[in-house]
$ cat start-v2.tsv   # TSV, C-alpha atoms and all ligand atoms
chain	number	residue	atom	x	y	z
P	191	MET	CA	60.66	-133.08	36.69
P	192	ALA	CA	57.86	-130.53	36.39
P	193	TYR	CA	55.56	-130.38	33.37
P	194	SER	CA	54.73	-126.95	31.94
P	195	VAL	CA	51.02	-126.27	31.50
P	196	PHE	CA	49.42	-123.23	29.86
P	197	ILE	CA	45.74	-122.56	30.57
P	198	ASP	CA	44.46	-120.42	27.68
P	199	GLY	CA	41.42	-118.56	29.06
P	200	GLU	CA	42.53	-118.97	32.67
P	201	ALA	CA	40.42	-116.01	33.86
P	202	GLY	CA	37.18	-117.69	32.73
P	203	THR	CA	34.91	-119.98	34.75
P	204	THR	CA	36.50	-123.25	33.63
P	205	GLY	CA	40.05	-121.90	33.46
P	206	LEU	CA	39.99	-120.52	36.99
P	207	GLN	CA	38.83	-123.82	38.42
P	208	ILE	CA	41.56	-125.73	36.55
P	209	ARG	CA	44.12	-123.26	37.86
P	210	GLU	CA	42.90	-123.78	41.43
P	211	ARG	CA	43.32	-127.53	41.05
P	212	LEU	CA	46.83	-127.29	39.58
P	213	GLU	CA	48.52	-124.36	41.31
P	214	THR	CA	49.63	-126.25	44.41
P	215	ARG	CA	51.10	-129.18	42.50
P	216	GLY	CA	54.82	-129.72	42.66
P	217	ASP	CA	54.87	-131.68	39.39
P	218	ILE	CA	53.31	-128.82	37.40
P	219	ARG	CA	54.62	-125.40	36.45
P	220	LEU	CA	51.87	-123.10	35.27
P	221	ILE	CA	52.83	-120.76	32.46
P	222	GLY	CA	51.38	-117.32	33.07
P	223	ILE	CA	50.56	-114.67	30.51
P	224	ASP	CA	50.19	-110.94	31.11
P	225	PRO	CA	46.40	-110.51	31.52
P	226	ALA	CA	46.53	-107.45	29.26
P	227	ARG	CA	47.92	-109.67	26.46
P	228	ARG	CA	45.63	-112.68	27.04
P	229	LYS	CA	44.07	-112.34	23.58
P	230	ASP	CA	47.30	-111.42	21.82
P	231	ALA	CA	48.37	-114.08	19.29
P	232	ASP	CA	52.13	-113.54	19.83
P	233	ALA	CA	51.89	-113.82	23.60
P	234	ARG	CA	49.78	-116.95	23.34
P	235	CYS	CA	52.15	-118.49	20.75
P	236	GLU	CA	55.05	-118.01	23.15
P	237	ALA	CA	53.06	-119.65	25.93
P	238	PHE	CA	52.07	-122.57	23.68
P	239	ALA	CA	55.69	-123.08	22.66
P	240	ALA	CA	56.82	-123.20	26.29
P	241	ALA	CA	54.10	-125.64	27.35
P	242	ASP	CA	54.11	-129.43	27.41
P	243	VAL	CA	50.34	-129.29	27.58
P	244	ALA	CA	47.95	-126.41	26.82
P	245	ILE	CA	44.39	-126.48	28.17
P	246	LEU	CA	41.94	-124.39	26.14
P	247	CYS	CA	39.14	-122.84	28.20
P	248	LEU	CA	37.87	-120.58	25.46
P	249	PRO	CA	34.80	-120.01	23.30
P	250	ASP	CA	34.69	-122.37	20.29
P	251	ASP	CA	36.09	-119.91	17.69
P	252	ALA	CA	38.93	-118.88	19.97
P	253	ALA	CA	39.71	-122.56	20.62
P	254	ARG	CA	39.96	-123.23	16.86
P	255	GLU	CA	42.22	-120.21	16.52
P	256	ALA	CA	44.40	-121.48	19.39
P	257	VAL	CA	44.80	-124.88	17.72
P	258	ALA	CA	45.90	-123.13	14.52
P	259	LEU	CA	48.45	-121.09	16.50
P	260	ALA	CA	49.92	-124.26	18.02
P	261	GLN	CA	49.70	-126.51	14.95
P	262	ASP	CA	53.44	-126.66	14.23
P	263	LEU	CA	54.39	-127.27	17.86
P	264	ASP	CA	54.72	-130.52	19.81
P	265	THR	CA	52.50	-129.08	22.54
P	266	ARG	CA	49.71	-131.44	23.56
P	267	ILE	CA	46.27	-129.86	23.81
P	268	ILE	CA	43.20	-130.45	25.94
P	269	ASP	CA	40.23	-128.48	24.59
P	270	ALA	CA	37.32	-127.79	26.97
P	271	SER	CA	35.20	-126.25	24.20
P	272	THR	CA	32.74	-127.82	21.78
P	273	ALA	CA	35.00	-127.21	18.77
P	274	HIS	CA	36.61	-130.67	18.39
P	275	ARG	CA	34.37	-133.14	20.19
P	276	VAL	CA	33.27	-135.06	17.11
P	277	ASP	CA	36.54	-134.65	15.22
P	278	PRO	CA	38.05	-138.13	14.69
P	279	ASP	CA	41.57	-136.69	14.94
P	280	TRP	CA	40.91	-135.84	18.59
P	281	ALA	CA	40.67	-138.34	21.46
P	282	PHE	CA	37.38	-137.93	23.31
P	283	GLY	CA	38.13	-137.02	26.92
P	284	PHE	CA	35.79	-139.39	28.74
P	285	PRO	CA	38.13	-142.10	30.07
P	286	GLU	CA	35.25	-144.24	31.37
P	287	LEU	CA	33.54	-144.41	27.94
P	288	ASN	CA	34.84	-147.82	26.87
P	289	ALA	CA	37.78	-150.18	27.26
P	290	GLY	CA	40.14	-148.29	24.96
P	291	ALA	CA	39.23	-144.72	25.93
P	292	ARG	CA	41.79	-144.20	28.69
P	293	ASP	CA	44.69	-145.52	26.60
P	294	ARG	CA	43.67	-143.35	23.67
P	295	ILE	CA	43.74	-140.26	25.92
P	296	ALA	CA	47.07	-141.32	27.43
P	297	GLY	CA	48.72	-141.45	24.00
P	298	ALA	CA	46.97	-138.53	22.34
P	299	LYS	CA	48.38	-135.18	21.30
P	300	LEU	CA	44.86	-133.74	21.03
P	301	VAL	CA	42.12	-134.42	23.60
P	302	SER	CA	38.64	-132.90	23.48
P	303	ASN	CA	36.66	-132.78	26.74
P	304	PRO	CA	32.97	-133.67	26.63
P	305	GLY	CA	30.38	-130.98	27.39
P	306	CYS	CA	28.78	-131.01	30.82
P	307	TYR	CA	25.32	-132.24	29.75
P	308	SER	CA	26.98	-134.65	27.32
P	309	THR	CA	29.04	-136.18	30.10
P	310	GLY	CA	25.85	-137.12	31.98
P	311	ALA	CA	23.94	-138.25	28.88
P	312	ILE	CA	26.80	-140.28	27.39
P	313	ALA	CA	27.59	-141.83	30.78
P	314	ILE	CA	24.04	-143.22	30.86
P	315	ILE	CA	23.34	-144.04	27.22
P	316	ALA	CA	26.65	-145.39	25.84
P	317	PRO	CA	26.87	-148.47	28.13
P	318	LEU	CA	23.19	-149.24	27.60
P	319	VAL	CA	23.56	-149.10	23.81
P	320	ALA	CA	26.67	-151.31	24.07
P	321	ALA	CA	24.69	-153.79	26.22
P	322	GLY	CA	21.82	-153.87	23.71
P	323	LEU	CA	19.36	-152.31	26.19
P	324	ILE	CA	18.88	-149.16	24.12
P	325	ALA	CA	18.60	-149.53	20.34
P	326	PRO	CA	20.66	-146.97	18.38
P	327	ASP	CA	17.51	-145.88	16.54
P	328	GLU	CA	15.29	-145.71	19.62
P	329	GLY	CA	13.53	-142.41	20.21
P	330	LEU	CA	15.06	-141.11	23.45
P	331	THR	CA	14.41	-138.01	25.54
P	332	ILE	CA	17.08	-136.37	27.67
P	333	ASN	CA	15.91	-133.91	30.34
P	334	ALA	CA	18.47	-131.91	32.25
P	335	VAL	CA	18.90	-129.08	34.71
P	336	SER	CA	22.16	-127.19	35.20
P	337	GLY	CA	23.48	-124.57	37.57
P	338	TYR	CA	24.01	-121.22	35.90
P	339	THR	CA	27.84	-121.38	35.83
P	340	GLY	CA	27.30	-123.76	32.88
P	341	GLY	CA	26.65	-120.65	30.79
P	342	GLY	CA	30.06	-119.12	31.63
P	343	LYS	CA	30.73	-115.50	32.58
P	344	ALA	CA	27.77	-114.09	30.67
P	345	LEU	CA	25.11	-116.20	32.43
P	346	ILE	CA	26.85	-115.78	35.78
P	347	ALA	CA	26.61	-111.99	35.35
P	348	GLU	CA	22.86	-112.31	34.64
P	349	TYR	CA	22.31	-114.26	37.86
P	350	ASP	CA	24.62	-111.98	39.87
P	351	SER	CA	22.54	-108.99	38.73
P	352	GLY	CA	19.44	-110.53	40.27
P	353	GLU	CA	17.60	-110.11	36.95
P	354	ALA	CA	17.64	-113.76	35.84
P	355	PRO	CA	14.63	-116.04	36.39
P	356	ALA	CA	14.62	-118.73	39.10
P	357	HIS	CA	14.37	-121.38	36.37
P	358	PHE	CA	14.16	-121.44	32.60
P	359	VAL	CA	14.00	-124.09	29.89
P	360	TYR	CA	15.83	-123.62	26.59
P	361	GLY	CA	17.26	-125.51	23.63
P	362	LEU	CA	13.70	-125.65	22.31
P	363	THR	CA	14.69	-125.67	18.62
P	364	GLN	CA	16.53	-128.98	19.20
P	365	ARG	CA	19.83	-127.62	17.93
P	366	HIS	CA	21.74	-127.64	21.21
P	367	LYS	CA	25.48	-127.88	20.59
P	368	HIS	CA	25.81	-131.03	22.71
P	369	ILE	CA	23.46	-133.14	20.56
P	370	PRO	CA	26.09	-134.17	17.94
P	371	GLU	CA	28.62	-135.33	20.52
P	372	ILE	CA	25.94	-137.22	22.47
P	373	MET	CA	24.90	-139.07	19.29
P	374	VAL	CA	28.44	-139.88	18.16
P	375	HIS	CA	29.84	-141.02	21.51
P	376	ALA	CA	26.73	-142.73	22.88
P	377	GLY	CA	26.23	-144.59	19.58
P	378	LEU	CA	22.80	-143.20	18.64
P	379	ASP	CA	21.61	-143.07	15.03
P	380	ARG	CA	18.44	-141.15	15.84
P	381	GLN	CA	18.59	-137.67	17.33
P	382	PRO	CA	17.27	-137.64	20.92
P	383	ILE	CA	14.93	-134.90	22.10
P	384	PHE	CA	17.03	-132.79	24.46
P	385	ALA	CA	15.33	-130.59	27.06
P	386	PRO	CA	17.90	-128.61	29.10
P	387	ALA	CA	17.03	-126.09	31.81
P	388	VAL	CA	18.87	-123.73	34.15
P	389	GLY	CA	18.07	-123.17	37.82
P	390	ASN	CA	19.07	-120.42	40.21
P	391	PHE	CA	22.00	-122.30	41.73
P	392	ALA	CA	25.61	-121.82	40.75
P	393	GLN	CA	26.87	-125.29	39.97
P	394	GLY	CA	25.72	-128.90	39.78
P	395	MET	CA	23.48	-130.71	37.35
P	396	ALA	CA	21.13	-133.66	36.88
P	397	VAL	CA	20.66	-135.35	33.50
P	398	GLN	CA	17.70	-137.73	33.13
P	399	VAL	CA	16.94	-140.35	30.50
P	400	PRO	CA	13.39	-141.74	30.89
P	401	LEU	CA	13.01	-145.31	29.57
P	402	PHE	CA	10.03	-147.61	29.11
P	403	LEU	CA	10.67	-151.05	30.60
P	404	ASN	CA	9.89	-154.36	28.95
P	405	GLU	CA	10.75	-158.03	29.39
P	406	ARG	CA	14.31	-157.48	28.27
P	407	ARG	CA	14.77	-154.05	29.79
P	408	THR	CA	14.19	-154.25	33.54
P	409	ILE	CA	15.37	-151.98	36.35
P	410	ASP	CA	17.69	-154.74	37.59
P	411	GLY	CA	19.02	-155.32	34.07
P	412	LEU	CA	19.72	-151.62	33.48
P	413	THR	CA	21.42	-151.32	36.86
P	414	ALA	CA	23.51	-154.45	36.26
P	415	ALA	CA	24.66	-153.24	32.82
P	416	LEU	CA	25.74	-149.87	34.21
P	417	ASP	CA	27.34	-151.51	37.26
P	418	ASP	CA	29.35	-153.86	35.04
P	419	HIS	CA	30.44	-151.04	32.79
P	420	TYR	CA	31.69	-148.80	35.59
P	421	ALA	CA	33.12	-151.53	37.86
P	422	GLY	CA	36.46	-150.34	39.22
P	423	GLN	CA	36.09	-146.74	38.03
P	424	ARG	CA	37.09	-144.15	40.57
P	425	PHE	CA	34.93	-141.25	39.45
P	426	VAL	CA	31.73	-142.87	38.19
P	427	GLU	CA	29.43	-144.82	40.52
P	428	VAL	CA	26.13	-146.59	40.07
P	429	ALA	CA	24.07	-146.14	43.24
P	430	GLN	CA	20.82	-147.56	44.60
P	431	GLY	CA	18.02	-145.03	44.31
P	432	SER	CA	15.89	-144.33	47.37
P	433	GLY	CA	12.79	-143.29	45.43
P	434	ALA	CA	13.16	-139.84	46.99
P	435	ARG	CA	14.56	-136.61	45.58
P	436	ILE	CA	17.69	-136.34	43.51
P	437	VAL	CA	19.58	-133.11	44.16
P	438	PRO	CA	21.74	-131.72	41.30
P	439	THR	CA	24.20	-130.09	43.70
P	440	ASP	CA	25.02	-133.28	45.63
P	441	LEU	CA	28.41	-133.85	43.95
P	442	ASN	CA	29.56	-130.23	43.80
P	443	ASN	CA	33.29	-129.64	44.11
P	444	THR	CA	34.05	-133.25	43.22
P	445	ASN	CA	35.05	-134.99	39.99
P	446	CYS	CA	32.39	-137.66	40.56
P	447	LEU	CA	29.36	-138.69	38.56
P	448	ARG	CA	26.60	-140.80	40.14
P	449	ILE	CA	24.02	-142.77	38.18
P	450	THR	CA	20.78	-144.16	39.62
P	451	VAL	CA	18.07	-146.25	37.93
P	452	GLN	CA	14.60	-145.98	39.43
P	453	GLY	CA	11.08	-146.70	38.33
P	454	ASP	CA	8.21	-149.12	38.65
P	455	ALA	CA	8.18	-152.52	36.97
P	456	GLN	CA	4.37	-152.68	37.14
P	457	ASN	CA	3.71	-149.55	35.13
P	458	GLY	CA	6.80	-150.14	32.99
P	459	CYS	CA	8.35	-146.69	33.48
P	460	ALA	CA	11.84	-145.82	34.71
P	461	THR	CA	14.29	-142.92	34.81
P	462	VAL	CA	18.06	-143.17	34.70
P	463	VAL	CA	19.61	-140.07	36.29
P	464	ALA	CA	23.20	-138.84	36.33
P	465	VAL	CA	24.31	-136.19	38.84
P	466	LEU	CA	27.58	-134.33	38.41
P	467	ASP	CA	29.18	-130.96	38.97
P	468	ASN	CA	29.14	-129.10	35.63
P	469	LEU	CA	32.41	-127.48	36.69
P	470	GLY	CA	33.82	-130.76	38.08
P	471	LYS	CA	33.40	-133.92	35.99
P	472	GLY	CA	31.54	-131.68	33.50
P	473	ALA	CA	34.52	-129.40	32.79
P	474	SER	CA	37.52	-128.55	35.00
P	475	GLY	CA	37.73	-131.82	36.94
P	476	ALA	CA	37.54	-133.78	33.67
P	477	ALA	CA	40.29	-131.62	32.15
P	478	VAL	CA	42.58	-132.29	35.12
P	479	GLN	CA	41.75	-136.03	35.06
P	480	ASN	CA	42.67	-136.11	31.36
P	481	LEU	CA	45.85	-134.12	32.02
P	482	ASN	CA	46.86	-136.66	34.68
P	483	ILE	CA	46.21	-139.54	32.27
P	484	MET	CA	48.22	-137.81	29.51
P	485	LEU	CA	51.14	-137.20	31.90
P	486	GLY	CA	51.03	-140.79	33.17
P	487	VAL	CA	50.60	-139.71	36.80
P	488	ASP	CA	47.94	-140.81	39.32
P	489	GLU	CA	44.63	-140.07	37.60
P	490	GLY	CA	43.11	-138.65	40.79
P	491	LEU	CA	45.84	-136.12	41.60
P	492	SER	CA	44.32	-132.81	42.80
P	493	LEU	CA	40.77	-134.10	42.22
Q	501	LIG	N1	31.06	-123.47	32.30
Q	501	LIG	C1	30.87	-124.78	32.14
Q	501	LIG	O1	30.16	-125.45	32.92
Q	501	LIG	C2	31.52	-125.47	31.01
Q	501	LIG	C3	32.23	-124.81	30.03
Q	501	LIG	N2	32.82	-125.51	29.01
Q	501	LIG	C4	33.51	-124.85	27.91
Q	501	LIG	O2	34.73	-124.28	28.35
Q	501	LIG	C5	35.03	-123.14	27.55
Q	501	LIG	C6	35.16	-121.95	28.47
Q	501	LIG	O3	33.88	-121.76	29.09
Q	501	LIG	P1	33.67	-120.90	30.38
Q	501	LIG	O4	34.88	-120.99	31.23
Q	501	LIG	O5	32.37	-121.28	30.94
Q	501	LIG	O6	33.58	-119.45	29.69
Q	501	LIG	P2	33.86	-118.02	30.30
Q	501	LIG	O7	33.06	-117.09	29.48
Q	501	LIG	O8	33.64	-118.04	31.76
Q	501	LIG	O9	35.41	-117.81	30.03
Q	501	LIG	C7	35.98	-117.76	28.75
Q	501	LIG	C8	37.34	-117.10	28.87
Q	501	LIG	O10	37.95	-117.08	27.59
Q	501	LIG	C9	38.52	-115.77	27.39
Q	501	LIG	N3	38.60	-115.50	25.95
Q	501	LIG	C10	37.58	-115.26	25.09
Q	501	LIG	N4	38.05	-115.08	23.84
Q	501	LIG	C11	39.40	-115.22	23.92
Q	501	LIG	C12	40.45	-115.14	22.97
Q	501	LIG	N5	40.21	-114.87	21.67
Q	501	LIG	N6	41.72	-115.34	23.39
Q	501	LIG	C13	41.99	-115.59	24.70
Q	501	LIG	N7	41.03	-115.65	25.66
Q	501	LIG	C14	39.76	-115.48	25.27
Q	501	LIG	C15	37.55	-114.87	28.10
Q	501	LIG	O11	38.16	-113.63	28.36
Q	501	LIG	P3	37.25	-112.31	28.49
Q	501	LIG	O12	36.27	-112.57	29.58
Q	501	LIG	O13	38.19	-111.26	28.80
Q	501	LIG	O14	36.57	-112.15	27.16
Q	501	LIG	C16	37.24	-115.66	29.36
Q	501	LIG	O15	38.20	-115.45	30.35
Q	501	LIG	C17	33.87	-122.95	26.57
Q	501	LIG	O16	34.17	-123.50	25.33
Q	501	LIG	C18	32.75	-123.69	27.27
Q	501	LIG	O17	31.81	-124.08	26.33
Q	501	LIG	C19	32.80	-126.87	29.02
Q	501	LIG	C20	32.11	-127.58	29.94
Q	501	LIG	C21	31.36	-126.92	30.99
Q	502	LIG	C1	23.73	-123.69	31.40
Q	502	LIG	C2	24.37	-123.53	30.03
Q	502	LIG	O1	24.19	-122.53	29.36
Q	502	LIG	N1	25.11	-124.54	29.62
Q	502	LIG	C3	25.79	-124.52	28.35
Q	502	LIG	C4	26.62	-125.76	28.18
Q	502	LIG	C5	27.78	-125.81	29.10
Q	502	LIG	C6	28.89	-126.70	28.57
Q	502	LIG	O2	29.06	-127.86	28.78
Q	502	LIG	O3	29.60	-126.06	27.70
Q	502	LIG	P1	30.37	-126.51	26.42
Q	502	LIG	O4	29.64	-127.50	25.66
Q	502	LIG	O5	30.51	-125.27	25.68
Q	502	LIG	O6	31.61	-127.05	26.86
Q	502	LIG	C7	24.80	-124.46	27.18
Q	502	LIG	O7	23.71	-124.98	27.27
Q	502	LIG	O8	25.25	-124.01	26.11

$ encode --input "start-v2.tsv" --output "structure tokens"
Amino acid sequence: MAYSVFIDGEAGTTGLQIRERLETRGDIRLIGIDPARRKDADARCEAFAAADVAILCLPDDAAREAVALAQDLDTRIIDASTAHRVDPDWAFGFPELNAGARDRIAGAKLVSNPGCYSTGAIAIIAPLVAAGLIAPDEGLTINAVSGYTGGGKALIAEYDSGEAPAHFVYGLTQRHKHIPEIMVHAGLDRQPIFAPAVGNFAQGMAVQVPLFLNERRTIDGLTAALDDHYAGQRFVEVAQGSGARIVPTDLNNTNCLRITVQGDAQNGCATVVAVLDNLGKGASGAAVQNLNIMLGVDEGLSL
């Protein structure tokens, strides 16, 4: 039996990559929509009604509108946007978050994918809060650099034009849209300082959480807590750092996320770094992983 899947926004950056991952699958029938009618409510309603699962790859307002269009249908929804990530009626689409996360996704009608930066930040912070190695009210800093596809078609066009800078920092007013979901799903009571940046490379990202060490919080202890948390997970690994460079593009075109803990016990300073593909585990890969979990098929299919 084939499942019907509608990708709303399939011509966008995230949508295209989901399509590529699904179009060769025998167990999935993709529902197409006439490109000229891709923003037409009637055409989208018909597609929602025909779908077992709809994947929203839309700006936030359009995602909210799509959910309203589908509200009386049985269609299950995966939303790649920011619109529903802290809504308790939606399952949070990070299966590796905690013991119950995968089952919640499997049984959910509504699943909200984490943002790309949030995936890296939550992957680091949530297990360390759960292990008592980061206090919920600790003042944390999150530094990150992303490839420019993270900004969707508009930022891609800027870089394609050759007019965009080699590197820029942003989010300086500390209102980045990922901060609420990081706090809720990592278990932080105090807002972290978030310092994102974009570099002149298409995809890939590194998310860093610097931590001061103490008697309780050692490099070995941090590594062991993360290792324990992710033991047996297929797409998240905790690796030994070499003390050398970490390259944000290392996991491009995969659904993997790699965490390393490095620092110096003598000066008491360490950095925990997550590397992932913003379009892989940070968006399209995660959506396909969640789809697989919702359909009850092998979680790694087409990833
Ligand atoms: N890029 C990334 O790394 C990540 C993106 N996301 C999220 O995924 C979602 C999609 O982002 P991304 O793919 O980057 O964005 P893009 O700008 O690349 O694509 C968005 C797509 O949505 C279409 N669209 C816009 N409004 C409507 C509407 N009212 N009805 C139907 N289609 C519409 C656009 O069509 P048109 O171009 O014709 O306007 C476009 O094809 C966003 O919410 C984003 O925040 C999540 C994680 C990472
Ligand atoms: C480089 C860049 O611009 N990145 C985007 C986040 C990309 C992402 O994860 O998007 P959603 O949260 O919308 O899903 C930003 O900072 O707004």

$ closest_residue --input "start-v2.tsv" --among "P:Leu362, P:Cys306, P:Ala321, P:Ile312" --to "Ala415 of chain P" --atoms "all atoms listed in the file"
P:Ala321

$ residues_near_ligand --input "start-v2.tsv" --ligand "ligand LIG 501 (chain Q)" --cutoff "6 Å" --atoms "all atoms listed in the file" --output "PyMOL selection string"
chain P and resi 199+201-205+228-229+247-250+252+270-272+305-306+339-343+468-469+472-473

$ atom_distance --input "start-v2.tsv" --atom1 "atom CA of Asp440 of chain P" --atom2 "atom CA of Gly458 of chain P"
27.9 Å

$ closest_residue --input "start-v2.tsv" --among "P:Ala354, P:Ala313, P:Val426, P:Val335" --to "Ala385 of chain P" --atoms "only C-alpha atoms"
P:Val335

$ atom_distance --input "start-v2.tsv" --atom1 "atom O4 of ligand LIG 502 (chain Q)" --atom2 "atom CA of Ile436 of chain P"
23.2 Å
